[in-house]
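Structure data (compact mmCIF, C-alpha atoms and all ligand atoms) from run.txt:
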```
# COMPACT_ATOMS: atom_id res chain seq x y z
CA MET B 19 0.00 0.00 0.00
CA ASP B 20 1.12 3.54 -0.77
CA ALA B 21 1.16 4.82 2.80
CA SER B 22 0.58 8.53 2.34
CA PHE B 23 -2.08 11.15 2.80
CA SER B 24 -2.91 10.73 -0.91
CA SER B 25 -3.56 7.04 -0.35
CA VAL B 26 -6.01 7.92 2.42
CA ALA B 27 -7.83 10.26 0.00
CA ARG B 28 -7.95 7.57 -2.68
CA THR B 29 -9.27 5.06 -0.15
CA ILE B 30 -12.00 7.52 0.88
CA ALA B 31 -12.96 8.05 -2.78
CA ALA B 32 -13.10 4.30 -3.40
CA HIS B 33 -15.15 3.69 -0.26
CA LEU B 34 -17.67 6.35 -1.22
CA ALA B 35 -17.93 5.07 -4.80
CA SER B 36 -19.53 1.91 -3.46
CA ALA B 37 -21.71 3.57 -0.81
CA PRO B 38 -25.33 2.42 -1.06
CA SER B 39 -27.81 5.04 -2.21
CA SER B 40 -29.63 6.91 0.54
CA THR B 41 -31.62 10.14 0.52
CA GLU B 42 -31.11 12.62 -2.29
CA GLU B 43 -29.36 15.04 0.07
CA ILE B 44 -26.98 12.43 1.45
CA ASP B 45 -26.23 11.06 -2.02
CA ALA B 46 -25.33 14.56 -3.24
CA ALA B 47 -23.05 15.09 -0.24
CA VAL B 48 -21.44 11.67 -0.71
CA GLN B 49 -20.74 12.40 -4.37
CA HIS B 50 -19.24 15.81 -3.57
CA LEU B 51 -17.00 14.24 -0.94
CA ARG B 52 -16.07 11.39 -3.30
CA ARG B 53 -15.10 13.83 -6.06
CA SER B 54 -13.12 15.99 -3.64
CA ALA B 55 -11.17 13.01 -2.33
CA GLY B 56 -10.68 11.72 -5.87
CA VAL B 57 -9.06 14.91 -7.19
CA ALA B 58 -7.06 15.87 -4.10
CA VAL B 59 -3.34 16.36 -4.66
CA PRO B 60 -0.47 17.04 -2.25
CA ARG B 61 0.04 20.70 -1.42
CA GLU B 62 3.41 21.93 -2.66
CA GLY B 63 5.70 22.94 0.17
CA PHE B 64 3.23 21.86 2.86
CA VAL B 65 4.62 22.18 6.36
CA ALA B 66 2.43 20.90 9.18
CA MET B 67 1.80 23.24 12.10
CA PRO B 68 2.52 21.56 15.44
CA GLY B 69 -0.57 19.81 16.71
CA ARG B 70 -1.81 17.92 19.73
CA ASP B 71 -0.79 14.35 20.48
CA HIS B 72 -3.99 12.30 20.52
CA ALA B 73 -2.29 8.96 19.88
CA ALA B 74 -3.75 7.46 23.07
CA ILE B 75 -7.28 8.20 21.83
CA LEU B 76 -6.63 7.57 18.14
CA ALA B 77 -4.93 4.16 18.33
CA PRO B 78 -7.89 2.30 19.91
CA ALA B 79 -10.30 4.21 17.65
CA ILE B 80 -8.46 3.05 14.53
CA ALA B 81 -8.16 -0.50 15.90
CA ALA B 82 -11.91 -0.62 16.51
CA GLY B 83 -12.55 0.81 13.04
CA LEU B 84 -10.74 -2.14 11.44
CA ASP B 85 -13.68 -4.36 12.46
CA HIS B 86 -16.46 -2.21 11.04
CA GLY B 87 -18.05 -0.76 7.92
CA ALA B 88 -15.31 1.72 7.06
CA ALA B 89 -12.43 -0.67 7.74
CA ASP B 90 -10.69 0.33 4.50
CA ILE B 91 -10.36 3.93 5.70
CA ALA B 92 -9.26 2.81 9.16
CA ALA B 93 -6.60 0.61 7.55
CA ALA B 94 -5.35 3.53 5.42
CA LEU B 95 -5.03 5.64 8.58
CA ALA B 96 -3.24 2.82 10.39
CA ALA B 97 -0.71 2.63 7.53
CA LEU B 98 0.21 6.32 7.62
CA PRO B 99 3.90 6.74 8.46
CA THR B 100 3.31 10.41 9.29
CA PRO B 101 0.64 10.95 11.91
CA LEU B 102 -2.33 13.16 11.26
CA VAL B 103 -1.94 16.56 12.92
CA TRP B 104 -4.70 17.27 15.42
CA HIS B 105 -5.99 20.72 16.31
CA TYR B 106 -8.83 22.24 18.30
CA HIS B 107 -10.03 25.65 17.13
CA TYR B 108 -12.94 26.60 19.36
CA ALA B 109 -13.00 29.48 21.79
CA PRO B 110 -13.92 28.27 25.31
CA HIS B 111 -17.48 27.00 25.48
CA PRO B 112 -19.66 29.83 26.83
CA GLY B 113 -21.57 27.58 29.25
CA SER B 114 -18.55 25.86 30.79
CA PRO B 115 -17.46 26.70 34.33
CA PRO B 116 -13.83 27.81 34.68
CA ASP B 117 -12.80 24.45 36.16
CA ALA B 118 -14.47 22.40 33.37
CA GLU B 119 -12.47 19.75 31.54
CA ASP B 120 -10.32 21.11 28.77
CA LEU B 121 -12.17 20.02 25.64
CA ALA B 122 -9.00 20.53 23.60
CA GLU B 123 -7.60 17.47 25.38
CA ARG B 124 -10.64 15.35 24.48
CA ILE B 125 -11.66 16.59 21.02
CA GLY B 126 -9.45 16.93 17.95
CA PHE B 127 -9.75 17.70 14.27
CA ALA B 128 -7.22 16.65 11.64
CA GLU B 129 -7.76 18.18 8.23
CA LEU B 130 -6.68 16.01 5.30
CA ILE B 131 -7.91 18.14 2.38
CA GLY B 132 -8.42 21.88 2.66
CA PRO B 133 -6.93 25.36 2.51
CA ARG B 134 -4.22 24.56 5.08
CA ALA B 135 -4.18 20.76 4.88
CA PRO B 136 -1.57 18.41 3.40
CA LEU B 137 -3.81 17.81 0.38
CA THR B 138 -5.73 20.34 -1.69
CA ALA B 139 -8.91 20.12 -3.78
CA PRO B 140 -11.37 22.81 -4.85
CA ALA B 141 -14.19 24.01 -2.61
CA CYS B 142 -13.98 21.50 0.20
CA ARG B 143 -12.59 20.63 3.57
CA VAL B 144 -12.17 16.96 4.40
CA GLY B 145 -10.76 15.62 7.62
CA PHE B 146 -11.30 13.58 10.74
CA THR B 147 -12.99 14.33 14.04
CA LEU B 148 -11.83 12.47 17.14
CA LEU B 149 -13.58 12.38 20.51
CA ALA B 150 -12.22 10.67 23.61
CA PRO B 151 -14.55 8.28 25.44
CA ALA B 152 -17.11 9.89 27.78
CA THR B 153 -16.92 13.25 26.05
CA CYS B 154 -19.59 15.76 25.11
CA TYR B 155 -18.88 17.80 21.99
CA PRO B 156 -21.24 20.67 22.78
CA GLN B 157 -23.87 21.94 20.40
CA HIS B 158 -22.31 23.90 17.58
CA ALA B 159 -23.06 25.06 14.04
CA HIS B 160 -21.41 26.32 10.86
CA PRO B 161 -22.71 27.56 7.53
CA ALA B 162 -20.97 24.76 5.62
CA ILE B 163 -22.98 21.67 4.67
CA GLU B 164 -21.36 18.76 6.48
CA LEU B 165 -21.35 15.05 5.78
CA TYR B 166 -19.96 12.70 8.40
CA LEU B 167 -18.98 9.07 7.88
CA VAL B 168 -18.45 7.23 11.16
CA ILE B 169 -15.23 5.20 11.15
CA SER B 170 -15.47 3.84 14.69
CA GLY B 171 -17.45 4.34 17.86
CA HIS B 172 -21.16 4.33 18.66
CA ALA B 173 -21.74 7.94 19.70
CA GLN B 174 -24.98 9.77 20.33
CA TRP B 175 -25.63 12.38 17.64
CA THR B 176 -28.09 15.14 18.49
CA THR B 177 -29.81 17.73 16.34
CA PRO B 178 -32.96 19.68 17.24
CA GLY B 179 -35.74 17.09 17.47
CA ASP B 180 -33.50 14.08 16.79
CA GLU B 181 -31.18 12.02 18.97
CA ARG B 182 -29.71 8.73 17.84
CA ILE B 183 -26.78 6.36 18.16
CA VAL B 184 -24.93 6.23 14.85
CA PRO B 185 -22.91 3.06 14.10
CA PRO B 186 -19.62 2.81 12.18
CA GLY B 187 -20.12 2.91 8.42
CA ALA B 188 -23.17 5.20 8.62
CA PHE B 189 -23.51 8.75 7.29
CA VAL B 190 -24.80 11.83 9.10
CA LEU B 191 -25.67 14.97 7.15
CA HIS B 192 -25.87 18.42 8.73
CA SER B 193 -27.45 21.07 6.52
CA ALA B 194 -26.08 24.61 6.56
CA SER B 195 -26.16 26.20 10.04
CA LYS B 196 -28.03 23.26 11.60
CA PRO B 197 -27.11 22.90 15.29
CA HIS B 198 -25.59 19.54 16.23
CA ALA B 199 -23.80 17.86 19.11
CA MET B 200 -22.17 14.50 19.80
CA ARG B 201 -21.56 12.47 22.95
CA THR B 202 -19.37 9.42 23.40
CA PHE B 203 -19.70 6.69 26.00
CA ALA B 204 -17.19 3.85 26.57
CA GLU B 205 -15.65 4.11 23.09
CA PRO B 206 -13.90 6.97 21.34
CA LEU B 207 -15.46 8.36 18.16
CA LEU B 208 -13.49 8.63 14.93
CA ALA B 209 -15.39 10.08 11.98
CA LEU B 210 -14.59 11.44 8.54
CA TYR B 211 -16.11 14.83 7.75
CA GLY B 212 -16.57 16.67 4.48
CA TRP B 213 -17.56 20.32 4.19
CA ARG B 214 -18.91 22.11 1.15
CA GLY B 215 -20.52 25.49 0.59
CA ASP B 216 -19.15 28.14 2.95
CA ILE B 217 -15.99 26.34 4.00
CA ASP B 218 -14.28 29.50 5.26
CA THR B 219 -16.55 30.39 8.19
CA PRO B 220 -15.47 28.31 11.19
CA ALA B 221 -17.78 26.33 13.45
CA PHE B 222 -18.86 27.98 16.69
CA TYR B 223 -20.47 26.87 19.93
CA LEU B 224 -24.08 27.91 20.46
FE FE F 301 -20.20 20.09 12.30
```
Rewritten as structure tokens:
Amino acid sequence: MDASFSSVARTIAAHLASAPSSTEEIDAAVQHLRRSAGVAVPREGFVAMPGRDHAAILAPAIAAGLDHGAADIAAALAALPTPLVWHYHYAPHPGSPPDAEDLAERIGFAELIGPRAPLTAPACRVGFTLLAPATCYPQHAHPAIELYLVISGHAQWTTPGDERIVPPGAFVLHSASKPHAMRTFAEPLLALYGWRGDIDTPAFYL
């Protein structure tokens, strides 16, 4: 296997090419994400900014993903010789007391394709979201349309009027500016995300 970020993108594109048809909205988001991953190329002169070390959360998440519906993507991540670089961009959550857990230690985002990512493709951001076990990713929103593909973990996904456990291999679509939150239990959550539309306005806590 070509163990590189490009190989992860190709694996994502191949996985999505065989995704079963769902709703019209999810199918459109899947096809956008598939095309983005399929045309992504390495960014010339890319230098990774220092990130957070989430290896202790990521390793079991990838291992669990090898047994589930997106095992091909988990395997591509496991084969990477250069680790993904994890960041956390949010300002402190407005409802959190000063002594609350530091969410930056429990939640991370690693962008694979995007304006400052190792790979580039037009009009998209593609990356991974990682949550430690027993973590609440508070309600947030962003104007971008977002498609998630769960790689591992059975987290609770909440949007106004809907709360469900989403298994590995399943998609979750968030329309523009729709509030959403996730909560993990005993397992970490590792999920692929794809943004389209307004990809420049960052997510914010509500
Ligand atoms: Fe989101």
key: Residue among B:Tyr155, B:Phe64, B:Val57, B:Tyr106 lying closest to Arg134 (chain B), counting all atoms listed in the file   =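 Using all atoms listed in the file, the shortest distance to Arg134 (chain B) belongs to B:Phe64.
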request  = Give the answer as one residue: which of B:Leu121, B:Ala77, B:Ala139, B:Ala96 has the shortest atom-to-atom distance to Arg53 (chain B), using all atoms listed in the file?
outcome  =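 Closest to Arg53 (chain B) of all the choices is B:Ala139.
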ask   = So which residues are near ligand FE 301 (chain F), meaning at most 12 Å away with all atoms listed in the file counted, given back as a count of residues only?
value = 46
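You will find CA of Asp90 (chain B) at 16.7 Å from CA of Leu102 (chain B).
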inquiry  = Within 10 Å of (-19.2, 2.6, 8.4) in the file's own coordinates, which protein, DNA or RNA residues have an atom, counting only C-alpha atoms? List them as a list in words.
reply    =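 Protein and nucleic acid residues near the point are His33, Ala37, Gly83, Asp85, His86, Gly87, Ala88, Ala89, Asp90, Ile91, Ala92, Leu167, Val168, Ile169, Ser170, Gly171, Val184, Pro185, Pro186, Gly187, Ala188, Phe189, Ala209 and Leu210 of chain B.
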Find the nearest atom pair between each residue of region 100-215 of chain B and region 59-63 of chain B for residues within 6 Å, count all atoms listed in the file, give distances in Å to one decimal, sort rows by chain and ascending number, and present the table as a tab-separated table.
```
residue	atom	partner	partner_atom	distance
B:Pro136	CA	B:Arg61	CA	5.6
B:Leu137	CA	B:Pro60	CA	4.3
B:Thr138	CA	B:Val59	CA	5.5
```
request  = Would you work out the distance separating CA of Trp104 (chain B) from CA of Pro206 (chain B), expressed in Å to one decimal?
outcome  = 15.0 Å
inquiry  = If I take CA of Arg124 (chain B) and CA of Ala150 (chain B), how far is one from the other in Å, to one decimal?
reply    =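 Between these atoms lies a distance of 5.0 Å.
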request  = Pick out the residues sitting within 8 Å of Ala32 (chain B), and hand them over as a list of chain:residue names; count all atoms listed in the file, and ignore anything fewer than 4 positions along from it in its own chain.
outcome  =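 Surrounding residues, per the criterion: B:Arg28, B:Ser36, B:Arg52.
With distances restricted to all atoms listed in the file, B:Ala47 is the closest residue to Leu34 (chain B) from B:Ile80, B:Val65, B:Leu95, B:Ala47.
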Nearest candidate to Ser25 (chain B) (options B:Ala46, B:Leu98, B:Ile131, B:Ala79; using only C-alpha atoms) = B:Leu98
ask   = Which protein, DNA or RNA residues are at most 6 Å from (-6.1, 8.7, 5.2) in the file's coordinates when you count all atoms listed in the file, listed as a ChimeraX atom specification?
value = /B:23,26-27,94-95
Could the residues in this selection be saved with C-alpha atoms as a short mmCIF file (atom, residue, chain, number, x, y, z; two decimals), in the coordinates of the input?
```cif
data_model
loop_
_atom_site.label_atom_id
_atom_site.label_comp_id
_atom_site.auth_asym_id
_atom_site.auth_seq_id
_atom_site.Cartn_x
_atom_site.Cartn_y
_atom_site.Cartn_z
CA PHE B 23 -2.08 11.15 2.80
CA VAL B 26 -6.01 7.92 2.42
CA ALA B 27 -7.83 10.26 0.00
CA ALA B 94 -5.35 3.53 5.42
CA LEU B 95 -5.03 5.64 8.58
#
```
